[in-house]
Each structure stands twice: as C-alpha cells, then as structure tokens.
$ cat final-v1.txt   # compact mmCIF, C-alpha atoms
# COMPACT_ATOMS: atom_id res chain seq x y z
CA MET A 260 89.22 110.79 103.60
CA ASP A 261 92.75 109.80 102.52
CA GLN A 262 91.46 106.34 101.57
CA LYS A 263 88.76 107.84 99.36
CA ILE A 264 91.28 110.14 97.69
CA THR A 265 93.62 107.22 97.00
CA LEU A 266 90.82 105.14 95.51
CA LYS A 267 89.48 108.01 93.42
CA ARG A 268 92.97 108.72 92.07
CA ALA A 269 93.42 105.09 91.07
CA LEU A 270 90.00 105.02 89.42
CA LEU A 271 90.75 108.23 87.57
CA ILE A 272 93.94 106.69 86.22
CA LEU A 273 91.86 103.71 85.23
CA ALA A 274 89.39 105.87 83.31
CA VAL A 275 92.14 107.76 81.51
CA SER A 276 93.99 104.53 80.69
CA ILE A 277 90.94 102.81 79.28
CA HIS A 278 89.98 105.93 77.40
CA TRP A 279 93.50 106.08 75.96
CA ALA A 280 93.22 102.44 75.06
CA SER A 281 89.95 103.23 73.34
CA GLY A 282 91.94 104.75 70.53
CA GLY A 283 89.82 103.42 67.86
CA CYS A 284 88.31 100.06 67.04
CA PRO A 285 85.51 98.73 69.26
CA LYS A 286 82.40 97.34 67.69
CA ALA A 287 79.82 95.05 69.19
CA ASN A 288 77.60 94.83 66.16
CA HIS A 289 77.92 96.39 62.75
CA SER A 290 75.57 99.29 63.36
CA LYS A 291 75.69 100.24 67.05
CA ARG A 292 77.56 98.80 69.98
CA SER A 293 76.46 97.55 73.35
CA ALA A 294 77.15 99.69 76.40
CA ASP A 295 79.36 97.17 78.17
CA GLU A 296 81.89 97.02 75.39
CA GLY A 297 84.84 99.28 75.50
CA SER A 298 86.71 100.88 72.82
CA ASN A 299 92.09 101.33 70.51
CA CYS A 300 93.48 101.53 67.25
CA ALA A 301 96.37 103.94 67.35
CA GLU A 302 95.52 104.98 63.83
CA SER A 303 93.47 103.82 60.87
CA GLY A 304 94.44 100.28 59.87
CA SER A 305 96.39 99.64 63.08
CA HIS A 306 95.38 97.08 65.69
CA SER A 307 96.06 96.81 69.40
CA LEU A 308 95.78 94.39 72.30
CA HIS A 309 95.72 95.89 75.80
CA TYR A 310 95.39 94.38 79.27
CA PHE A 311 94.62 96.09 82.55
CA TYR A 312 95.09 94.37 85.93
CA THR A 313 94.07 95.98 89.22
CA ALA A 314 94.51 94.67 92.76
CA VAL A 315 93.04 96.49 95.75
CA THR A 316 93.27 95.91 99.48
CA PRO A 317 90.25 94.05 100.90
CA GLY A 318 87.44 95.64 102.84
CA ILE A 319 85.71 97.74 100.19
CA ASN A 320 82.91 96.93 97.78
CA PHE A 321 85.19 96.13 94.85
CA PRO A 322 86.79 92.87 93.76
CA GLU A 323 90.27 92.47 95.22
CA TYR A 324 91.59 91.66 91.74
CA THR A 325 90.30 92.50 88.27
CA ALA A 326 91.62 91.78 84.77
CA VAL A 327 90.24 93.24 81.55
CA GLY A 328 91.40 92.64 77.98
CA LEU A 329 90.68 94.86 74.97
CA VAL A 330 91.26 94.37 71.25
CA ASP A 331 91.23 97.62 69.32
CA GLY A 332 89.65 99.11 72.40
CA GLU A 333 86.79 96.63 72.56
CA GLN A 334 86.57 94.64 75.76
CA PHE A 335 86.63 90.94 74.94
CA MET A 336 87.42 89.28 78.29
CA TYR A 337 86.94 89.86 82.01
CA TYR A 338 88.05 88.23 85.26
CA ASP A 339 87.67 89.21 88.88
CA SER A 340 88.34 87.64 92.25
CA ASN A 341 84.63 87.34 93.04
CA ILE A 342 83.57 85.25 90.06
CA ARG A 343 87.02 83.58 89.85
CA LYS A 344 86.79 82.76 86.17
CA THR A 345 87.59 84.43 82.86
CA ILE A 346 84.50 85.17 80.79
CA PRO A 347 83.91 86.45 77.23
CA LYS A 348 82.63 90.01 76.82
CA THR A 349 81.94 90.08 73.09
CA ALA A 350 80.38 87.60 70.68
CA TRP A 351 83.29 87.22 68.28
CA ILE A 352 85.77 85.98 70.89
CA LYS A 353 83.65 82.85 71.35
CA LYS A 354 85.01 81.65 68.00
CA VAL A 355 88.15 80.67 69.90
CA ASP A 356 86.28 77.74 71.47
CA ALA A 357 86.30 75.73 68.25
CA GLU A 358 90.08 76.01 67.82
CA ASP A 359 91.07 75.96 71.47
CA PRO A 360 88.51 74.29 73.80
CA ASP A 361 90.75 74.83 76.85
CA TYR A 362 91.16 78.57 76.20
CA TRP A 363 88.85 79.87 78.96
CA ASN A 364 89.98 77.38 81.58
CA ARG A 365 93.62 78.14 80.83
CA ASN A 366 93.00 81.87 81.06
CA THR A 367 91.15 81.38 84.33
CA GLN A 368 94.10 79.52 85.85
CA ASN A 369 96.52 82.19 84.66
CA SER A 370 94.30 84.90 86.15
CA LYS A 371 94.20 83.10 89.48
CA GLY A 372 97.99 82.96 89.49
CA SER A 373 98.24 86.67 88.72
CA GLN A 374 95.72 87.40 91.44
CA GLU A 375 97.97 85.77 94.03
CA SER A 376 101.02 87.63 92.72
CA PHE A 377 99.27 90.98 92.98
CA LYS A 378 98.08 90.19 96.49
CA VAL A 379 101.72 89.71 97.51
CA ASN A 380 102.74 92.89 95.70
CA ILE A 381 100.24 95.04 97.59
CA GLY A 382 101.47 93.77 100.94
CA THR A 383 105.11 94.29 100.01
CA LEU A 384 104.53 97.81 98.73
CA MET A 385 102.56 98.77 101.82
CA GLU A 386 105.59 97.75 103.89
CA ARG A 387 107.93 99.65 101.62
CA PHE A 388 105.83 102.81 101.89
CA ASN A 389 105.46 102.26 105.66
CA GLN A 390 101.67 101.80 105.44
CA THR A 391 99.70 99.54 107.75
CA LYS A 392 96.12 100.32 106.76
CA GLY A 393 93.98 102.12 104.21
CA VAL A 394 92.86 101.46 100.66
CA HIS A 395 95.77 100.74 98.31
CA THR A 396 96.04 99.56 94.72
CA VAL A 397 98.61 97.94 92.45
CA GLN A 398 97.87 98.27 88.75
CA LEU A 399 99.44 96.90 85.58
CA MET A 400 98.86 98.02 82.01
CA TYR A 401 100.56 96.27 79.12
CA GLY A 402 99.95 95.44 75.49
CA CYS A 403 101.07 95.50 71.90
CA GLU A 404 100.19 97.31 68.68
CA LEU A 405 100.65 96.29 65.05
CA HIS A 406 100.61 98.94 62.33
CA ASP A 407 99.92 98.71 58.61
CA ASP A 408 103.59 99.09 57.74
CA GLY A 409 104.47 96.08 59.92
CA THR A 410 105.97 98.06 62.78
CA LYS A 411 105.24 96.86 66.30
CA ARG A 412 104.97 98.60 69.64
CA GLY A 413 104.82 97.07 73.09
CA TYR A 414 104.73 98.49 76.61
CA GLU A 415 104.48 97.46 80.27
CA GLN A 416 103.78 99.85 83.15
CA TYR A 417 103.01 99.42 86.84
CA SER A 418 101.48 101.88 89.27
CA TYR A 419 100.86 102.02 93.00
CA ASP A 420 97.97 103.99 94.48
CA GLY A 421 97.29 105.59 91.11
CA GLU A 422 100.85 106.89 90.72
CA ASP A 423 103.49 105.64 88.28
CA PHE A 424 105.78 103.07 89.91
CA ILE A 425 107.95 101.34 87.31
CA SER A 426 107.91 100.77 83.55
CA LEU A 427 109.90 98.78 81.02
CA ASP A 428 112.00 100.38 78.28
CA LEU A 429 111.90 97.80 75.49
CA ASN A 430 114.73 99.48 73.59
CA THR A 431 117.29 99.22 76.37
CA LEU A 432 115.67 96.30 78.23
CA THR A 433 115.95 98.26 81.46
CA TRP A 434 113.36 99.40 83.96
CA THR A 435 112.52 103.03 84.72
CA ALA A 436 111.74 103.80 88.36
CA ALA A 437 109.23 106.60 88.90
CA ASN A 438 110.17 107.15 92.56
CA ASP A 439 112.80 106.16 95.10
CA LYS A 440 110.74 103.23 96.40
CA ALA A 441 110.76 101.72 92.90
CA VAL A 442 114.56 101.89 92.68
CA ILE A 443 114.77 98.73 94.80
CA THR A 444 112.66 96.86 92.27
CA LYS A 445 114.62 98.33 89.36
CA HIS A 446 117.91 97.21 90.92
CA LYS A 447 116.70 93.63 91.30
CA LEU A 448 115.30 93.45 87.79
CA ASP A 449 118.20 95.16 86.03
CA ILE A 450 121.16 93.91 88.05
CA THR A 451 120.33 90.94 90.26
CA GLU A 452 118.40 89.16 87.49
CA ARG A 453 120.55 90.68 84.73
CA GLY A 454 117.56 91.75 82.68
CA ALA A 455 116.02 88.27 82.39
CA ALA A 456 112.55 89.58 83.21
CA ALA A 457 112.79 92.35 80.63
CA ALA A 458 113.92 89.93 77.92
CA GLN A 459 111.05 87.60 78.71
CA ILE A 460 108.50 90.40 78.53
CA LYS A 461 109.99 91.77 75.30
CA ALA A 462 109.70 88.34 73.69
CA TYR A 463 106.07 88.13 74.72
CA LEU A 464 105.12 91.64 73.60
CA GLU A 465 106.85 91.45 70.21
CA ASN A 466 105.90 87.88 69.34
CA THR A 467 103.23 86.07 71.34
CA CYS A 468 101.15 89.17 71.93
CA ILE A 469 101.23 90.08 68.23
CA GLU A 470 100.29 86.52 67.23
CA TRP A 471 97.24 86.58 69.48
CA LEU A 472 96.33 90.07 68.35
CA GLN A 473 96.27 88.91 64.73
CA LYS A 474 94.15 85.92 65.68
CA TYR A 475 91.68 88.08 67.60
CA VAL A 476 91.41 90.56 64.74
CA ALA A 477 90.62 87.68 62.39
CA TYR A 478 87.84 86.52 64.73
CA GLY A 479 86.29 89.97 65.00
CA ARG A 480 87.21 91.55 61.67
CA ASP A 481 83.65 92.40 60.60
CA THR A 482 83.03 94.05 63.95
CA LEU A 483 86.40 95.71 64.51
CA GLU A 484 86.85 97.12 61.02
CA GLY A 485 83.30 98.35 60.40
CA LYS A 486 82.69 102.09 60.03
CA ASP A 487 79.86 104.36 61.15
CA PRO A 488 79.81 107.96 59.83
CA PRO A 489 79.42 110.90 62.23
CA GLU A 490 76.31 112.96 62.73
CA VAL A 491 77.40 116.60 62.89
CA THR A 492 75.68 119.59 64.48
CA LEU A 493 76.72 123.25 64.72
CA PHE A 494 75.31 125.18 67.63
CA GLN A 495 75.79 128.29 69.76
CA LYS A 496 74.39 128.86 73.24
CA ASP A 497 73.77 132.55 72.56
CA SER A 498 75.08 135.24 70.23
CA SER A 499 78.10 135.98 72.45
CA SER A 500 79.05 132.32 73.02
CA PRO A 501 81.57 130.23 71.06
CA VAL A 502 80.36 128.17 68.12
CA VAL A 503 80.54 124.42 68.68
CA CYS A 504 80.89 121.78 65.98
CA HIS A 505 79.72 118.53 67.53
CA ALA A 506 80.29 115.17 65.79
CA THR A 507 78.78 112.04 67.33
CA GLY A 508 77.86 108.43 66.56
CA PHE A 509 81.01 107.72 64.57
CA PHE A 510 83.22 104.65 64.53
CA PRO A 511 86.16 104.08 64.51
CA ARG A 512 87.49 106.77 66.83
CA ARG A 513 89.78 108.58 64.39
CA VAL A 514 88.15 111.80 63.14
CA MET A 515 89.31 115.21 61.91
CA ILE A 516 87.33 118.38 62.66
CA SER A 517 88.43 121.71 61.22
CA TRP A 518 87.03 125.15 60.37
CA LYS A 519 86.85 127.36 57.30
CA LYS A 520 86.30 131.11 57.12
CA ASN A 521 85.05 132.34 53.77
CA GLY A 522 86.34 129.12 52.23
CA GLU A 523 89.85 129.40 53.71
CA ASP A 524 91.30 127.11 56.38
CA LEU A 525 91.03 128.60 59.87
CA HIS A 526 93.35 127.60 62.72
CA GLU A 527 93.18 130.54 65.15
CA ASN A 528 90.85 130.66 68.16
CA VAL A 529 89.96 126.98 67.74
CA GLU A 530 89.85 124.46 70.60
CA LEU A 531 89.61 120.73 69.90
CA THR A 532 88.30 118.57 72.74
CA GLU A 533 89.07 114.95 73.55
CA THR A 534 87.25 112.18 71.76
CA LEU A 535 84.76 110.61 74.17
CA PRO A 536 82.94 107.25 74.05
CA ASN A 537 79.18 107.13 73.66
CA GLN A 538 77.01 104.67 75.52
CA ASP A 539 76.48 102.58 72.37
CA GLY A 540 80.21 102.15 71.70
CA THR A 541 80.50 104.91 69.10
CA PHE A 542 82.35 108.17 69.76
CA GLN A 543 81.82 111.90 69.90
CA LYS A 544 84.11 114.92 69.61
CA ARG A 545 83.77 118.71 69.60
CA SER A 546 85.65 121.61 68.09
CA ILE A 547 84.99 125.04 69.58
CA LEU A 548 85.42 128.27 67.64
CA THR A 549 85.63 131.53 69.58
CA VAL A 550 84.66 134.52 67.43
CA SER A 551 82.98 137.87 68.03
CA PRO A 552 79.30 138.30 67.06
CA GLU A 553 80.30 140.99 64.58
CA ASP A 554 82.84 138.77 62.86
CA LEU A 555 80.39 135.89 62.83
CA ASN A 556 77.77 138.02 61.06
CA LYS A 557 80.18 139.49 58.51
CA ASN A 558 81.83 136.24 57.43
CA LYS A 559 80.86 132.73 56.40
CA TYR A 560 82.06 130.04 58.80
CA SER A 561 81.76 126.32 58.27
CA CYS A 562 82.84 123.15 60.07
CA VAL A 563 84.60 120.42 58.08
CA VAL A 564 84.55 116.81 59.31
CA GLN A 565 86.67 113.99 57.87
CA HIS A 566 86.04 110.36 58.82
CA GLY A 567 86.55 106.93 57.29
CA GLY A 568 82.79 106.36 57.30
CA LEU A 569 82.20 109.35 55.01
CA GLU A 570 82.53 109.14 51.23
CA LYS A 571 83.72 112.76 51.18
CA ASP A 572 84.38 115.61 53.61
CA LEU A 573 81.27 116.79 55.41
CA VAL A 574 81.01 120.60 55.28
CA LEU A 575 78.40 122.21 57.51
CA PRO A 576 77.87 126.01 57.27
CA PHE A 577 77.07 127.80 60.50
CA GLN A 578 73.54 129.09 60.95
CA SER A 579 72.62 131.01 64.10
CA GLY A 580 69.83 129.96 66.41
CA VAL A 581 70.59 126.25 66.82
CA SER A 582 69.51 124.95 70.24
CA ILE A 583 72.10 123.52 72.60
CA ASP A 584 69.71 121.60 74.89
CA VAL A 585 69.81 118.22 73.17
CA ILE A 586 73.56 118.34 72.63
CA ALA A 587 74.23 119.29 76.23
CA GLY A 588 72.13 116.37 77.43
CA ALA A 589 74.15 113.96 75.32
CA ILE A 590 77.43 115.33 76.64
CA VAL A 591 76.30 114.97 80.25
CA ALA A 592 75.28 111.38 79.55
CA VAL A 593 78.72 110.60 78.19
CA LEU A 594 80.48 112.13 81.19
CA LEU A 595 78.32 110.01 83.48
CA LEU A 596 79.21 106.96 81.41
CA VAL A 597 82.93 107.65 81.85
CA LEU A 598 82.52 107.90 85.64
CA ILE A 599 80.48 104.70 85.76
CA GLY A 600 83.14 103.03 83.66
CA CYS A 601 85.71 103.86 86.32
CA VAL A 602 83.78 101.86 88.91
CA VAL A 603 82.77 99.01 86.62
CA PHE A 604 86.18 98.27 85.19
CA PHE A 605 88.32 99.40 88.16
CA ILE A 606 91.59 99.28 86.29
CA TRP A 607 94.68 101.49 85.93
CA ARG A 608 96.00 103.96 83.48
CA LYS A 609 98.60 101.51 82.31
CA LYS A 610 106.10 81.73 73.19
CA LYS A 611 103.83 79.92 71.82
CA ASN A 612 105.24 76.39 72.33
CA ASP A 613 104.17 74.21 75.27
CA PHE A 614 103.09 77.40 77.06
CA LYS A 615 99.77 78.87 75.93
CA PRO A 616 99.43 82.32 77.50
CA VAL A 617 96.25 84.22 78.10
CA ALA A 618 96.61 87.49 76.27
CA GLY A 619 99.12 89.21 78.51
CA THR A 620 102.75 89.51 79.48
CA PRO A 621 104.49 87.99 82.50
CA VAL A 622 103.34 89.51 85.77
CA LEU A 623 105.94 90.88 88.13
CA GLN A 624 105.29 88.46 90.93
CA GLY A 625 106.69 89.41 94.31
CA LEU A 626 107.39 92.76 92.73
CA MET A 627 108.89 94.25 95.84
CA GLU A 628 110.59 91.48 97.82
CA ASN A 629 114.09 92.18 98.98
CA HIS A 630 115.32 88.83 97.63
CA ARG A 631 114.16 86.69 94.75
CA PRO A 632 115.35 83.44 93.20
CA PRO A 633 117.14 83.58 89.83
CA ALA A 634 115.04 84.33 86.79
CA HIS A 635 115.10 80.76 85.49
CA THR A 636 113.47 79.25 88.59
CA LYS A 637 109.77 78.62 88.90
CA ALA A 638 109.50 80.97 91.85
CA ASN A 639 110.62 83.90 89.74
CA HIS A 640 108.44 86.89 90.56
CA LEU A 641 108.08 87.43 86.84
CA ASN A 642 105.69 84.56 86.25
CA THR A 643 104.19 83.53 82.94
CA GLU A 644 100.56 84.02 83.85
CA ARG A 645 100.07 86.11 80.73
CA ARG A 646 97.00 86.25 78.62
CA GLU A 647 96.67 85.15 75.04
$ encode --input "final-v1.txt" --output "structure tokens"
Amino acid sequence: MDQKITLKRALLILAVSIHWASGGCPKANHSKRSADEGSNCAESGSHSLHYFYTAVTPGINFPEYTAVGLVDGEQFMYYDSNIRKTIPKTAWIKKVDAEDPDYWNRNTQNSKGSQESFKVNIGTLMERFNQTKGVHTVQLMYGCELHDDGTKRGYEQYSYDGEDFISLDLNTLTWTAANDKAVITKHKLDITERGAAAAQIKAYLENTCIEWLQKYVAYGRDTLEGKDPPEVTLFQKDSSSPVVCHATGFFPRRVMISWKKNGEDLHENVELTETLPNQDGTFQKRSILTVSPEDLNKNKYSCVVQHGGLEKDLVLPFQSGVSIDVIAGAIVAVLLLVLIGCVVFFIWRKKKNDFKPVAGTPVLQGLMENHRPPAHTKANHLNTERRE
C-alpha cells in the first residue's frame, strides 16, 4: 500500500507539473491538436522550454527512466529506458534534421547518460532515507522562459518520492534544501564545489536554453502562435444551483472570464476554476457564479470572455433552462485525460561551442554521494547531458 501511495504521489506531482508547464502554447495543427501533444507560455507573446526527467525503481510496469521536452507546453521529444532513443513528438521539430543531422543521435546519447546518473541517484537516496525496498522516484524539472520585453527566467528543481528535495536559486547561485536529507547535497554543491554546479546550470538556462528555445519557436511558429477562439456556454443544473460559464476549445491557454450584473462588473460570489487541457490540445475553463434564484430572476447577468482568438469581447447573457448533460460529459472526459496523462508521461512536478546539448541543463549526477571529485573533472556529478 505504501508503494502505491508513493507512486501515486509522484504521478500527481507529474500531472500538476505538466499542467503548470502547459501554460499556453501547444499546437499540433492549426485548427485542432492531436491528443498526444501536451501544452506553456507564461503569458501572451512569451515562450518557454521545459524538461521533465523521471527515474523509478525497477519492478513495476513503467520505464525506469523517462524524459519529456515541451516547447510552449507542446511535447516535442520523448525518451525512455525501454525504447532507449530520443524520438520526435511533433511534426515541426523534424525541421531540425536539415540543419543538424546528428541531433537525435546526440540527444539519445545524452539521455542514456542521464539515465545512468538517475539510477545512481535513486540508490543513493534510498540509502540516505534508510530504505531497502519499495517503489521510489527521483524527478527533475528544469527550463527557461523568454518574455516579450526580453526578460528571461530559468529554474531547476529536484524531487524524491514526489516531495521537493532541492532547488537552485539562480539569483544567489545557491541551493535550497527542502528537508534535512537534502542538506548534505546542498553542502557539497554550495561549499565543497564552491558553486561550480550552480554557475554551470545558470549559464545553460540563461544562454544555451534560450538559444534553443528561439530556434524551436522558429521551427514551430505557425503551430505555436496560432489562435483558436473559445466556444462559450452558460448553464445551470437547476434553479437553485450556481450558474456556470464554460469556455472550451480555445488556444492558447490564456483566457479571461468575468461576470456583469445589469451591465456592471461583478466580482462577488464568483469562483474561477483552473484551466484544463482538452483531448485535442485546446483548453477549457469555467467561472461559477453563486446567486439566489430571486436575484437571478430580478437582474440581468452575463458572462464576458476575453481571448486572443476573439476579435472583441464575447458577452453571453444568461438564459435559464440550459442543459448541463453535454458539458458535464466533456468535463469528465478531460479529468480522465489528465489521469491518463499521469501514467503516460510519468514525470514530476518540476554553451554552444564544441558541446551541443539536448534541450536541458546539466543533470546532478551522483546527487547524493558523500564525496565527489572537483567540479572541473569529468566525473563531476553535474554532468552535461543536457538537452538542446
């Protein structure tokens, strides 16, 4: 039972992390998107590159190591320890072949190196947590974002068994330990290696990662920057139930849903739900208005939706008697999709010279050993098996 709980917790973190990374720009084709493509633009006009690595102890029906890459939330690459090669997951990434014929082989070799590093990390952490059996996971989430105003953001976070373990503060170039077991790792990275690992990662996240992000966006611009307007429905289960404004089928993810009462903005008794992915790669979101039947009959309520795919604000007046059956079915389908995504992806929440990385940052190899060689040596547990 404990093993199942551990695995479920790690998968839940994976779902939340991928959903967070689905901030806003996936697109498989210009109209609708295929189900196996993910979905992160932090805001309109921004672009992001995210990677998720997951290693799990052997003996269960999941790959022991998995790597997934997303541009603007759309999955473009995949690797796992069963197939042992990096493969494209969207059409536009195949454009890289013409410019860089060795791209997929190089990424495969980097993934194999990371796989071995994560295998060591699981064993070391099990010893540190005094564990000899059970299902355990080590997960890494890292990436970079580039905004319209030229500002950049990078991050790197590790977890163990679905719980935060250690993360990098790029401002101070120090590591933040989430628990006492991670303090050992923090000490080695901050003091023994004098921040060499942090400096290496910062250079990757703020330079190499951004360069590859810009290249990927150029490859997939038509797909990543296309826009689909939302379809909006107002419904109420019965006369005493809240009124729901449901927007679906829109892309990118960024949308604003608000309410008006007799033409005036309304902010009270309003609940805004999370934005969820649809099976076709678009998104859906709901805003729930709680109001008494008497108030609903006496006043005019309307839902206002703003989205980049709309020429102007969409204003939909409420009319009683709209059926909820079709909407409820769609919502259930999306929730099932999210759960399936947990199992399929199995990932956590979290210098371009002679070295050609594969979209990622250096992996903390030998993350938990008691002793490591200096940062400049090849055996450094911060290796350069990063993705491009």
$ closest_residue --input "final-v1.txt" --among "A:Val315, A:Ile425, A:Val355, A:Leu575" --to "Ser340 of chain A" --atoms "only C-alpha atoms"
A:Val315
$ atom_distance --input "final-v1.txt" --atom1 "atom CA of Asp407 of chain A" --atom2 "atom CA of Ala326 of chain A"
28.3 Å
$ atom_distance --input "final-v1.txt" --atom1 "atom CA of Asn537 of chain A" --atom2 "atom CA of Pro489 of chain A"
12.0 Å
$ closest_atom_pairs --input "final-v1.txt" --of "segment 454-529 of chain A" --to "segment 381-404 of chain A" --cutoff "7 Å" --atoms "only C-alpha atoms" --output "CSV"
residue,atom,partner,partner_atom,distance
A:Leu464,CA,A:Cys403,CA,5.8
A:Cys468,CA,A:Cys403,CA,6.3
A:Ile469,CA,A:Cys403,CA,6.5
$ atom_distance --input "final-v1.txt" --atom1 "atom CA of Pro576 of chain A" --atom2 "atom CA of Pro536 of chain A"
25.7 Å
$ residues_around --input "final-v1.txt" --residues "Ser517 of chain A" --least-positions-apart "2" --cutoff "7 Å" --atoms "all atoms listed in the file" --output "PyMOL selection string"
chain A and resi 515+562-564
$ closest_residue --input "final-v1.txt" --among "A:Phe509, A:Ala436, A:Lys559, A:Asn380" --to "Gln416 of chain A" --atoms "only C-alpha atoms"
A:Ala436
$ closest_residue --input "final-v1.txt" --among "A:Thr467, A:Asn430, A:Gln495, A:Thr549" --to "Gln578 of chain A" --atoms "only C-alpha atoms"
A:Gln495
$ residues_around --input "final-v1.txt" --residues "Leu531 of chain A" --least-positions-apart "3" --cutoff "7 Å" --atoms "all atoms listed in the file" --output "list in words"
Arg545, Ser546 and Ile547 of chain A
$ closest_atom_pairs --input "final-v1.txt" --of "segment 500-566 of chain A" --to "segment 304-309 of chain A" --cutoff "12 Å" --atoms "only C-alpha atoms" --output "JSON lines"
{"residue": "A:Pro511", "atom": "CA", "partner": "A:Gly304", "partner_atom": "CA", "distance": 10.2}
{"residue": "A:Arg512", "atom": "CA", "partner": "A:Gly304", "partner_atom": "CA", "distance": 11.8}
{"residue": "A:Arg513", "atom": "CA", "partner": "A:Gly304", "partner_atom": "CA", "distance": 10.5}
$ residues_around --input "final-v1.txt" --residues "His505 of chain A" --least-positions-apart "2" --cutoff "7 Å" --atoms "only C-alpha atoms" --output "PyMOL selection string"
chain A and resi 491-493+503+507+544-546
$ residues_around --input "final-v1.txt" --residues "Tyr324 of chain A" --least-positions-apart "6" --cutoff "8 Å" --atoms "all atoms listed in the file" --output "list in words"
Tyr312, Thr313, Ala314, Val315, Asp339, Ser340, Gln374 and Phe377 of chain A
$ closest_residue --input "final-v1.txt" --among "A:Asp361, A:Leu535, A:Lys519, A:Val502" --to "Leu548 of chain A" --atoms "all atoms listed in the file"
A:Val502
$ closest_residue --input "final-v1.txt" --among "A:Trp518, A:Tyr417, A:Tyr478, A:Tyr362" --to "Trp434 of chain A" --atoms "all atoms listed in the file"
A:Tyr417
